[in-house]
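Asks: Got upload_37.txt for you, compact mmCIF, C-alpha atoms:
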# COMPACT_ATOMS: atom_id res chain seq x y z
CA MET P 1 127.24 210.74 103.22
CA SER P 2 128.84 211.56 106.59
CA VAL P 3 128.61 209.25 109.60
CA PHE P 4 129.48 210.15 113.18
CA VAL P 5 129.49 207.49 115.90
CA ASP P 6 130.35 208.00 119.57
CA LEU P 7 128.73 205.45 121.85
CA GLU P 8 129.05 203.41 125.01
CA LYS P 9 127.22 200.28 126.07
CA ARG P 10 127.77 197.93 128.97
CA LEU P 11 126.98 194.28 128.35
CA LYS P 12 126.74 191.24 130.61
CA GLY P 13 129.77 190.69 132.75
CA ASP P 14 132.36 193.45 132.68
CA PHE P 15 132.36 194.09 128.90
CA HIS P 16 132.21 197.80 128.16
CA LEU P 17 131.83 198.91 124.54
CA LYS P 18 133.21 202.41 124.01
CA VAL P 19 133.87 203.44 120.40
CA ALA P 20 134.08 206.64 118.42
CA PHE P 21 134.76 207.13 114.71
CA GLU P 22 133.66 209.06 111.64
CA ALA P 23 133.34 208.22 107.96
CA GLU P 24 132.28 210.00 104.80
CA ASN P 25 131.41 208.47 101.41
CA GLU P 26 133.87 205.63 101.90
CA ILE P 27 134.18 201.99 102.83
CA LEU P 28 135.08 201.72 106.51
CA ALA P 29 136.08 198.41 108.10
CA LEU P 30 135.78 197.48 111.76
CA LEU P 31 138.62 194.98 112.23
CA GLY P 32 138.88 192.87 115.35
CA ALA P 33 138.68 189.45 116.89
CA SER P 34 135.39 187.75 117.70
CA GLY P 35 133.71 189.28 120.75
CA CYS P 36 135.43 192.67 120.56
CA GLY P 37 132.18 194.58 119.96
CA LYS P 38 132.18 195.02 116.18
CA SER P 39 128.76 193.51 115.50
CA MET P 40 127.24 195.24 118.53
CA THR P 41 128.46 198.56 117.12
CA LEU P 42 126.59 197.89 113.85
CA LYS P 43 123.45 196.92 115.76
CA CYS P 44 123.59 200.17 117.73
CA ILE P 45 123.87 202.18 114.51
CA ALA P 46 120.95 200.27 112.97
CA GLY P 47 118.81 200.76 116.09
CA ILE P 48 118.52 197.07 116.98
CA GLU P 49 120.45 197.70 120.19
CA ARG P 50 120.33 200.85 122.28
CA PRO P 51 123.57 202.42 123.55
CA ASP P 52 123.74 203.56 127.16
CA ARG P 53 125.28 206.85 126.11
CA GLY P 54 126.41 208.72 123.02
CA ARG P 55 125.42 210.10 119.62
CA ILE P 56 124.94 208.58 116.17
CA VAL P 57 124.49 210.98 113.25
CA VAL P 58 124.12 210.05 109.56
CA ASP P 59 124.23 212.82 106.95
CA GLY P 60 123.22 215.44 109.48
CA VAL P 61 120.28 213.42 110.84
CA THR P 62 120.60 212.42 114.48
CA LEU P 63 119.64 208.78 114.89
CA PHE P 64 120.53 208.59 118.55
CA ASP P 65 121.45 211.16 121.20
CA SER P 66 121.30 210.10 124.83
CA GLU P 67 121.43 213.66 126.15
CA LYS P 68 118.64 214.91 123.89
CA HIS P 69 116.62 211.71 124.31
CA ILE P 70 116.59 211.00 120.57
CA ASP P 71 116.30 207.35 119.56
CA LEU P 72 114.84 206.79 116.10
CA THR P 73 113.29 203.42 115.36
CA PRO P 74 115.19 201.10 112.99
CA GLN P 75 112.57 201.78 110.32
CA ARG P 76 113.18 205.54 110.46
CA ARG P 77 116.95 205.30 110.43
CA ARG P 78 117.21 204.17 106.78
CA THR P 79 120.19 201.95 107.50
CA GLY P 80 120.75 198.80 105.50
CA LEU P 81 122.06 196.03 107.77
CA MET P 82 123.11 192.70 106.26
CA PHE P 83 123.46 189.96 108.87
CA GLN P 84 126.07 187.20 108.73
CA ASN P 85 123.49 184.61 107.69
CA TYR P 86 121.74 187.10 105.34
CA ALA P 87 118.36 186.66 107.16
CA LEU P 88 116.35 185.98 104.00
CA PHE P 89 112.71 185.06 104.47
CA PRO P 90 112.69 181.28 103.89
CA ASN P 91 109.04 181.14 102.77
CA MET P 92 109.49 183.88 100.14
CA THR P 93 110.96 183.63 96.66
CA VAL P 94 113.91 185.74 95.54
CA ALA P 95 111.56 188.26 93.93
CA GLN P 96 109.36 188.43 97.03
CA ASN P 97 112.36 188.89 99.33
CA ILE P 98 113.59 191.82 97.27
CA ARG P 99 110.13 193.39 97.03
CA ALA P 100 109.91 193.17 100.82
CA GLY P 101 112.88 195.52 101.00
CA ALA P 102 110.92 198.13 99.03
CA ARG P 103 108.04 198.24 101.49
CA ARG P 104 108.56 201.99 102.08
CA GLU P 105 107.47 202.59 98.47
CA ARG P 106 103.69 202.81 98.54
CA ASP P 107 103.18 202.80 94.78
CA LYS P 108 102.95 199.14 93.71
CA ALA P 109 104.11 199.73 90.14
CA ARG P 110 107.16 201.64 91.30
CA ARG P 111 107.88 198.97 93.92
CA GLU P 112 107.82 196.30 91.20
CA ALA P 113 110.05 198.40 88.96
CA LEU P 114 112.62 198.91 91.74
CA ALA P 115 112.70 195.18 92.48
CA GLU P 116 113.10 194.32 88.79
CA ARG P 117 115.96 196.80 88.40
CA LEU P 118 117.84 195.33 91.36
CA MET P 119 117.25 191.75 90.18
CA GLU P 120 118.64 192.68 86.78
CA SER P 121 121.61 194.50 88.32
CA PHE P 122 122.50 191.47 90.46
CA GLN P 123 121.71 188.97 87.68
CA LEU P 124 118.97 187.37 89.76
CA GLN P 125 116.14 187.32 87.21
CA PRO P 126 116.63 183.62 86.35
CA LEU P 127 116.30 182.86 90.08
CA ALA P 128 113.28 185.08 90.73
CA LYS P 129 110.99 182.15 91.66
CA HIS P 130 113.57 180.25 93.68
CA TYR P 131 113.47 180.04 97.47
CA PRO P 132 116.53 180.75 99.67
CA SER P 133 117.06 177.04 100.36
CA GLN P 134 117.55 176.53 96.61
CA LEU P 135 120.33 179.14 96.36
CA SER P 136 124.08 178.93 96.82
CA GLY P 137 125.80 181.05 99.45
CA GLY P 138 126.89 183.58 96.84
CA GLN P 139 123.38 183.82 95.39
CA GLN P 140 121.93 184.34 98.87
CA GLN P 141 124.38 187.17 99.46
CA ARG P 142 123.34 188.88 96.22
CA VAL P 143 119.66 188.59 97.17
CA ALA P 144 120.37 190.04 100.62
CA LEU P 145 122.27 192.98 99.11
CA ALA P 146 119.54 193.60 96.53
CA ARG P 147 116.88 193.57 99.26
CA ILE P 148 118.85 196.17 101.22
CA LEU P 149 119.64 198.43 98.26
CA VAL P 150 116.06 198.46 96.96
CA SER P 151 115.11 200.34 100.16
CA ASP P 152 117.51 203.19 99.24
CA PRO P 153 119.43 203.19 102.55
CA GLN P 154 121.56 206.13 103.63
CA ILE P 155 124.30 203.81 104.94
CA LEU P 156 125.20 200.15 104.43
CA LEU P 157 126.17 197.98 107.41
CA LEU P 158 127.62 194.55 106.62
CA ASP P 159 128.29 192.06 109.42
CA GLU P 160 131.01 189.56 108.39
CA PRO P 161 129.70 189.43 104.79
CA PHE P 162 131.81 186.40 103.82
CA SER P 163 131.65 184.27 106.96
CA ALA P 164 128.93 182.00 105.53
CA LEU P 165 130.83 181.32 102.29
CA ASP P 166 133.27 178.58 101.35
CA GLN P 167 136.85 179.78 100.96
CA HIS P 168 136.95 179.18 97.20
CA LEU P 169 133.95 181.50 96.67
CA ARG P 170 135.14 184.37 98.78
CA PHE P 171 137.56 186.12 96.44
CA ARG P 172 135.15 186.30 93.49
CA LEU P 173 132.27 187.48 95.67
CA GLU P 174 134.57 189.91 97.43
CA ARG P 175 135.26 191.61 94.08
CA GLU P 176 131.54 191.69 93.32
CA LEU P 177 130.81 193.26 96.70
CA HIS P 178 133.58 195.81 96.23
CA GLN P 179 132.03 196.92 92.95
CA THR P 180 128.59 197.11 94.58
CA LEU P 181 129.89 199.26 97.43
CA ARG P 182 131.63 201.61 95.00
CA GLU P 183 128.45 201.99 92.98
CA PHE P 184 126.46 202.59 96.18
CA GLY P 185 128.42 205.83 96.52
CA LYS P 186 127.63 206.43 100.18
CA THR P 187 129.28 205.26 103.38
CA ALA P 188 129.46 201.51 103.95
CA ILE P 189 130.71 199.99 107.21
CA PHE P 190 131.62 196.33 107.32
CA VAL P 191 132.83 194.06 110.09
CA SER P 192 135.59 191.49 109.66
CA HIS P 193 138.32 189.64 111.53
CA ASP P 194 140.24 188.99 108.28
CA ARG P 195 143.03 191.52 107.77
CA ASP P 196 143.56 190.62 104.08
CA GLU P 197 139.85 191.01 103.31
CA VAL P 198 139.80 194.36 105.11
CA TYR P 199 142.86 195.62 103.23
CA ARG P 200 141.40 194.70 99.83
CA LEU P 201 137.95 196.19 100.47
CA ALA P 202 138.27 199.15 102.82
CA ASP P 203 139.39 202.74 102.40
CA ARG P 204 139.80 203.26 106.14
CA ILE P 205 140.09 200.88 109.09
CA VAL P 206 139.04 201.06 112.74
CA VAL P 207 140.88 198.38 114.76
CA MET P 208 138.93 197.22 117.82
CA GLU P 209 139.98 195.19 120.84
CA HIS P 210 137.96 194.45 124.00
CA GLY P 211 135.32 197.04 123.12
CA ARG P 212 137.77 199.86 122.45
CA VAL P 213 139.25 201.49 119.37
CA GLU P 214 142.96 200.61 119.29
CA THR P 215 143.78 202.72 116.24
CA SER P 216 142.16 204.05 113.08
CA GLY P 217 143.14 205.66 109.80
CA THR P 218 143.60 204.91 106.13
CA LYS P 219 144.36 201.25 105.54
CA LYS P 220 147.92 202.02 104.46
CA ASP P 221 148.58 204.15 107.54
CA VAL P 222 147.14 201.54 109.91
CA PHE P 223 149.24 198.73 108.45
CA ARG P 224 152.37 200.90 108.29
CA ASP P 225 152.03 202.16 111.86
CA PRO P 226 149.43 200.29 113.95
CA HIS P 227 150.51 202.09 117.19
CA THR P 228 149.54 199.35 119.66
CA ARG P 229 150.50 195.74 120.23
CA ALA P 230 146.91 194.58 119.75
CA ALA P 231 146.48 196.50 116.51
CA ALA P 232 149.77 195.14 115.17
CA ALA P 233 148.69 191.57 115.91
CA LEU P 234 145.25 192.11 114.35
CA THR P 235 146.86 193.49 111.18
CA GLY P 236 148.98 190.36 110.89
CA CYS P 237 152.26 191.12 112.64
CA LYS P 238 153.52 187.81 114.04
CA ASN P 239 156.78 189.10 115.56
CA ILE P 240 156.17 191.23 118.67
CA SER P 241 158.46 191.61 121.67
CA ARG P 242 158.66 193.63 124.85
CA ALA P 243 161.32 196.31 124.54
CA ALA P 244 163.45 198.14 127.14
CA MET P 245 165.66 201.16 126.48
CA LEU P 246 169.41 200.89 127.14
CA PRO P 247 171.72 203.75 128.24
CA ASP P 248 173.34 204.11 124.79
CA GLY P 249 169.99 204.78 123.06
CA SER P 250 169.56 201.25 121.71
CA PHE P 251 166.90 198.94 123.09
CA GLU P 252 166.64 195.29 123.96
CA ALA P 253 163.87 193.25 122.34
CA ALA P 254 163.62 191.10 125.45
CA ASP P 255 161.58 188.23 124.04
CA TRP P 256 163.86 187.85 121.03
CA GLY P 257 167.17 188.38 122.89
CA ILE P 258 168.25 191.00 120.35
CA THR P 259 169.56 194.56 120.73
CA LEU P 260 168.28 197.00 118.11
CA ARG P 261 168.22 200.69 117.20
CA LYS P 262 165.43 202.82 115.80
CA PRO P 263 165.47 206.65 115.82
CA GLY P 264 162.81 208.04 118.15
CA PHE P 265 162.00 204.71 119.78
CA SER P 266 161.14 205.11 123.47
CA GLY P 267 160.33 201.60 124.69
CA GLY P 268 157.18 199.59 125.19
CA CYS P 269 156.99 196.94 122.49
CA VAL P 270 158.60 196.41 119.12
CA GLY P 271 157.30 194.48 116.13
CA ILE P 272 158.48 193.52 112.68
CA ARG P 273 156.42 191.85 110.00
CA MET P 274 157.84 188.57 108.76
CA HIS P 275 158.42 189.89 105.25
CA ASP P 276 160.42 192.88 106.58
CA VAL P 277 163.25 190.75 107.99
CA ARG P 278 166.12 190.99 105.50
CA PRO P 279 168.84 188.46 104.58
CA GLY P 280 172.53 189.23 105.02
CA ARG P 281 174.40 191.81 107.06
CA GLY P 282 173.25 195.39 107.49
CA GLU P 283 171.46 197.68 109.91
CA ASN P 284 170.56 195.87 113.15
CA GLU P 285 172.31 192.70 111.99
CA VAL P 286 172.09 189.47 113.97
CA ARG P 287 173.70 186.10 113.43
CA CYS P 288 170.95 183.53 113.91
CA ASP P 289 170.42 179.82 114.26
CA VAL P 290 167.56 178.34 112.27
CA ALA P 291 165.21 176.86 114.85
CA GLU P 292 162.57 175.55 112.45
CA VAL P 293 161.51 175.77 108.82
CA ILE P 294 157.77 175.70 108.09
CA GLU P 295 156.58 175.09 104.55
CA ASN P 296 153.50 177.04 103.41
CA PRO P 297 151.79 176.50 100.04
CA PHE P 298 153.82 179.23 98.30
CA SER P 299 156.47 180.29 100.83
CA PHE P 300 158.63 179.20 103.73
CA THR P 301 158.48 180.59 107.27
CA VAL P 302 161.88 180.32 108.93
CA LEU P 303 162.02 180.65 112.72
CA LEU P 304 165.23 182.27 113.96
CA ARG P 305 166.99 182.66 117.30
CA PRO P 306 170.24 184.55 118.05
CA ALA P 307 173.16 182.20 117.57
CA GLY P 308 173.67 179.95 120.60
CA ARG P 309 170.39 180.96 122.31
CA THR P 310 167.62 178.46 123.01
CA ASP P 311 165.66 180.46 125.59
CA THR P 312 164.19 183.18 123.34
CA THR P 313 160.99 183.50 121.33
CA PRO P 314 161.83 182.76 117.68
CA VAL P 315 161.49 185.52 115.09
CA GLY P 316 159.57 184.50 111.98
CA TRP P 317 161.00 185.31 108.54
CA GLU P 318 158.80 184.61 105.52
CA MET P 319 160.07 184.38 101.95
CA GLU P 320 159.29 182.78 98.62
CA LYS P 321 160.39 179.20 98.23
CA ASP P 322 163.00 179.94 95.58
CA VAL P 323 164.62 182.54 97.85
CA TRP P 324 164.91 180.15 100.78
CA ARG P 325 166.37 177.42 98.60
CA VAL P 326 169.24 179.81 97.84
CA GLN P 327 169.57 181.18 101.39
CA GLN P 328 169.03 178.02 103.41
CA ALA P 329 171.61 177.18 106.06
CA ALA P 330 171.69 176.08 109.70
CA GLN P 331 173.07 179.49 110.70
CA LEU P 332 172.91 182.80 108.84
CA TRP P 333 172.98 186.58 109.10
CA VAL P 334 169.80 188.63 108.92
CA HIS P 335 169.12 192.27 109.66
CA PHE P 336 166.18 194.30 110.92
CA PRO P 337 165.94 197.63 109.03
CA ALA P 338 164.82 200.46 111.32
CA GLU P 339 162.07 201.48 108.92
CA GLY P 340 160.58 197.99 109.25
CA LEU P 341 160.48 198.08 113.05
CA LEU P 342 157.09 198.96 114.57
CA ALA P 343 157.08 201.08 117.74
CA LEU P 344 154.11 199.76 119.71
CA GLU P 345 152.33 200.65 122.92
CA GLU P 346 151.34 197.95 125.36
CA THR P 347 147.63 198.48 125.99
CA GLU P 348 145.50 197.43 128.94
CA GLY P 349 144.85 193.73 129.29
CA GLN P 350 147.63 192.61 126.94
CA VAL P 351 150.45 190.31 127.87
Written as structure tokens, how would this file's structure read?
Replies:
Amino acid sequence: MSVFVDLEKRLKGDFHLKVAFEAENEILALLGASGCGKSMTLKCIAGIERPDRGRIVVDGVTLFDSEKHIDLTPQRRRTGLMFQNYALFPNMTVAQNIRAGARRERDKARREALAERLMESFQLQPLAKHYPSQLSGGQQQRVALARILVSDPQILLLDEPFSALDQHLRFRLERELHQTLREFGKTAIFVSHDRDEVYRLADRIVVMEHGRVETSGTKKDVFRDPHTRAAAALTGCKNISRAAMLPDGSFEAADWGITLRKPGFSGGCVGIRMHDVRPGRGENEVRCDVAEVIENPFSFTVLLRPAGRTDTTPVGWEMEKDVWRVQQAAQLWVHFPAEGLLALEETEGQV
């Protein structure tokens, strides 16, 4: 099931949404901070919001084309959109909510059969007569998914599917959702600001910032080479510095006060993920003072500055607790392998 999206929409103030991406029979994640335009993009695909310009095509069917004046109604688009709060009908039981999703099916017997099959698939039969207020967050999510799938959508659109759930429920329900999306077998697009959730669920990622696509690709490619400062930060890179080339081909990471080398680097910004900092001497070695040690539940984050410097932004180094207990010292050598350094572009509006 192929999906093509290329749209623009101006919102109140100076916010300008301008995104373009494609997907085909895969799970695609829109990753970005709150307010970057992720949810608005889903609403435009579903037909709830109208873009100012562009095209939206699903499996060869044009849902929207500003030049050709095509704008199908939400009902004709056959998109399944699940809102953050699930939007269940509060005065309907579980069974009635799911049957409501099958309203396109005119044959009552077939409509009942479809609803029963989905309730069985999602293990909702014991809850068939319950109302949404009587359900847990996870149960509400299953009802919402069943209601969408019973309508046989051509594409699934999920807006922050875990935002309404307690942290301890998320992982289990995430695995359930992953299985559901795989069984769906068509394109699913979901919105999230959680990089770990995105990495576990998605095949491909579109990173968004201020209404624009920063980078996109397979999840492994995006995390390995995010291209821009914003995309690196959104994928979890905590160490990012401005970088300036030096005459000998090395470059200065200005915020860190460190001189480094990386083949092909041409300036802009440099990043390194906290787990890619290495202990001991080696390529791009630096003798550092330990500025602070932060204890996490299962690791330590050690903040480092070049020896004798107090005016630089510390570099974070994360490691398992047992490793730090062996390495710990007030001053130590670390190195920054070139393959772990991220060459990043500074994009508009970033500082």
Asks: Between P:Thr347, P:Asn296, P:Ser2, P:Asn91, which has the minimum distance to Met319 (chain P) (counting only C-alpha atoms)?
Replies: P:Asn296
Asks: Considering all atoms listed in the file, tabulate each residue of region 36-60 of chain P that lies at most 9 Å from region 186-199 of chain P along with its nearest interatomic pair and the corresponding distance in Å to one decimal; arrange the rows by chain and ascending residue number and present them as CSV.
Replies:
residue,atom,partner,partner_atom,distance
P:Lys38,CA,P:Val191,CA,6.2
P:Ser39,CA,P:Val191,CA,6.8
P:Leu42,CA,P:Ile189,CA,8.1
Asks: Now that the selection is made, can you save its residues with C-alpha atoms as a PDB file, in the frame of the given file?
Replies:
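Result went into out.pdb, see below:
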ATOM      1  CA  LYS P  38     132.180 195.020 116.180  1.00  0.00           C
ATOM      2  CA  SER P  39     128.760 193.510 115.500  1.00  0.00           C
ATOM      3  CA  LEU P  42     126.590 197.890 113.850  1.00  0.00           C
TER       4      LEU P  42
END
Asks: Could you give me, as a ChimeraX atom specification, the residues within 12 Å of Glu183 (chain P), counting all atoms listed in the file and dropping anything in the same chain fewer than 2 positions from it?
Replies: /P:25-27,121,149,176-181,185-188
Asks: Taking all atoms listed in the file into account, name the residue in P:Val57, P:Val213, P:Leu260, P:Val323 that is nearest to Leu246 (chain P).
Replies: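 Counting all atoms listed in the file, the residue closest to Leu246 (chain P) is P:Leu260.
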Asks: At a cut-off of 10 Å, using all atoms listed in the file, what residues contact Ile240 (chain P)? Leave out same-chain residues fewer than 3 positions from it and give the result as a PDB file with C-alpha atoms, in the coordinates of the input.
Replies:
ATOM      1  CA  ARG P 229     150.500 195.740 120.230  1.00  0.00           C
ATOM      2  CA  ALA P 230     146.910 194.580 119.750  1.00  0.00           C
ATOM      3  CA  ALA P 232     149.770 195.140 115.170  1.00  0.00           C
ATOM      4  CA  ALA P 233     148.690 191.570 115.910  1.00  0.00           C
ATOM      5  CA  CYS P 237     152.260 191.120 112.640  1.00  0.00           C
ATOM      6  CA  ALA P 243     161.320 196.310 124.540  1.00  0.00           C
ATOM      7  CA  ALA P 253     163.870 193.250 122.340  1.00  0.00           C
ATOM      8  CA  ASP P 255     161.580 188.230 124.040  1.00  0.00           C
ATOM      9  CA  TRP P 256     163.860 187.850 121.030  1.00  0.00           C
ATOM     10  CA  CYS P 269     156.990 196.940 122.490  1.00  0.00           C
ATOM     11  CA  VAL P 270     158.600 196.410 119.120  1.00  0.00           C
ATOM     12  CA  GLY P 271     157.300 194.480 116.130  1.00  0.00           C
ATOM     13  CA  ILE P 272     158.480 193.520 112.680  1.00  0.00           C
ATOM     14  CA  ARG P 273     156.420 191.850 110.000  1.00  0.00           C
ATOM     15  CA  THR P 313     160.990 183.500 121.330  1.00  0.00           C
ATOM     16  CA  VAL P 315     161.490 185.520 115.090  1.00  0.00           C
ATOM     17  CA  LEU P 341     160.480 198.080 113.050  1.00  0.00           C
ATOM     18  CA  LEU P 342     157.090 198.960 114.570  1.00  0.00           C
ATOM     19  CA  ALA P 343     157.080 201.080 117.740  1.00  0.00           C
ATOM     20  CA  LEU P 344     154.110 199.760 119.710  1.00  0.00           C
TER      21      LEU P 344
END
Asks: So which residues touch Lys220 (chain P) within 12 Å, counting all atoms listed in the file, skipping near sequence neighbours fewer than 2 positions away, as a ChimeraX atom specification?
Replies: /P:198-200,202-205,216-218,222-226,235
Asks: CA of Val206 (chain P) and CA of Asp159 (chain P) are how many Å apart?
Replies: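 CA of Val206 (chain P) sits 14.4 Å away from CA of Asp159 (chain P).
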Asks: So, with only C-alpha atoms as the atoms that count, which of P:Pro126, P:Pro51, P:Pro132, P:Pro279 lies closest to Val326 (chain P)?
Replies: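 Smallest separation from Val326 (chain P) among the options: P:Pro279.
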Asks: Considering all atoms listed in the file, state which residue in the set P:Thr93, P:Ser34, P:Gln154, P:Gln328 is at the smallest distance from Leu81 (chain P).
Replies: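 Distance minimum relative to Leu81 (chain P) lands on P:Gln154.
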Asks: Please determine, counting only C-alpha atoms, which residue among P:Ala100, P:Met1, P:Leu31, P:Glu292 has the shortest atom-to-atom distance to Glu112 (chain P).
Replies: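 Comparing P:Ala100, P:Met1, P:Leu31, P:Glu292 against Glu112 (chain P), the winner is P:Ala100.
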Asks: Find the residues with any atom within 8 Å of (125.6, 208.2, 117.5); use only C-alpha atoms and the coordinates as given in the file, and write the answer as a ChimeraX atom specification.
Replies: /P:4-7,45,54-57,62-65
Asks: Just how far from CA of Val94 (chain P) is CA of Ala128 (chain P), in Å to one decimal?
Replies: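 Computing it gives 4.9 Å between the two atoms.
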Asks: Under the rule that only C-alpha atoms are counted, which of P:His275, P:Arg305, P:His210, P:Arg142 is the nearest residue to Cys36 (chain P)?
Replies: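 Among the listed residues, the smallest separation from Cys36 (chain P) belongs to P:His210.
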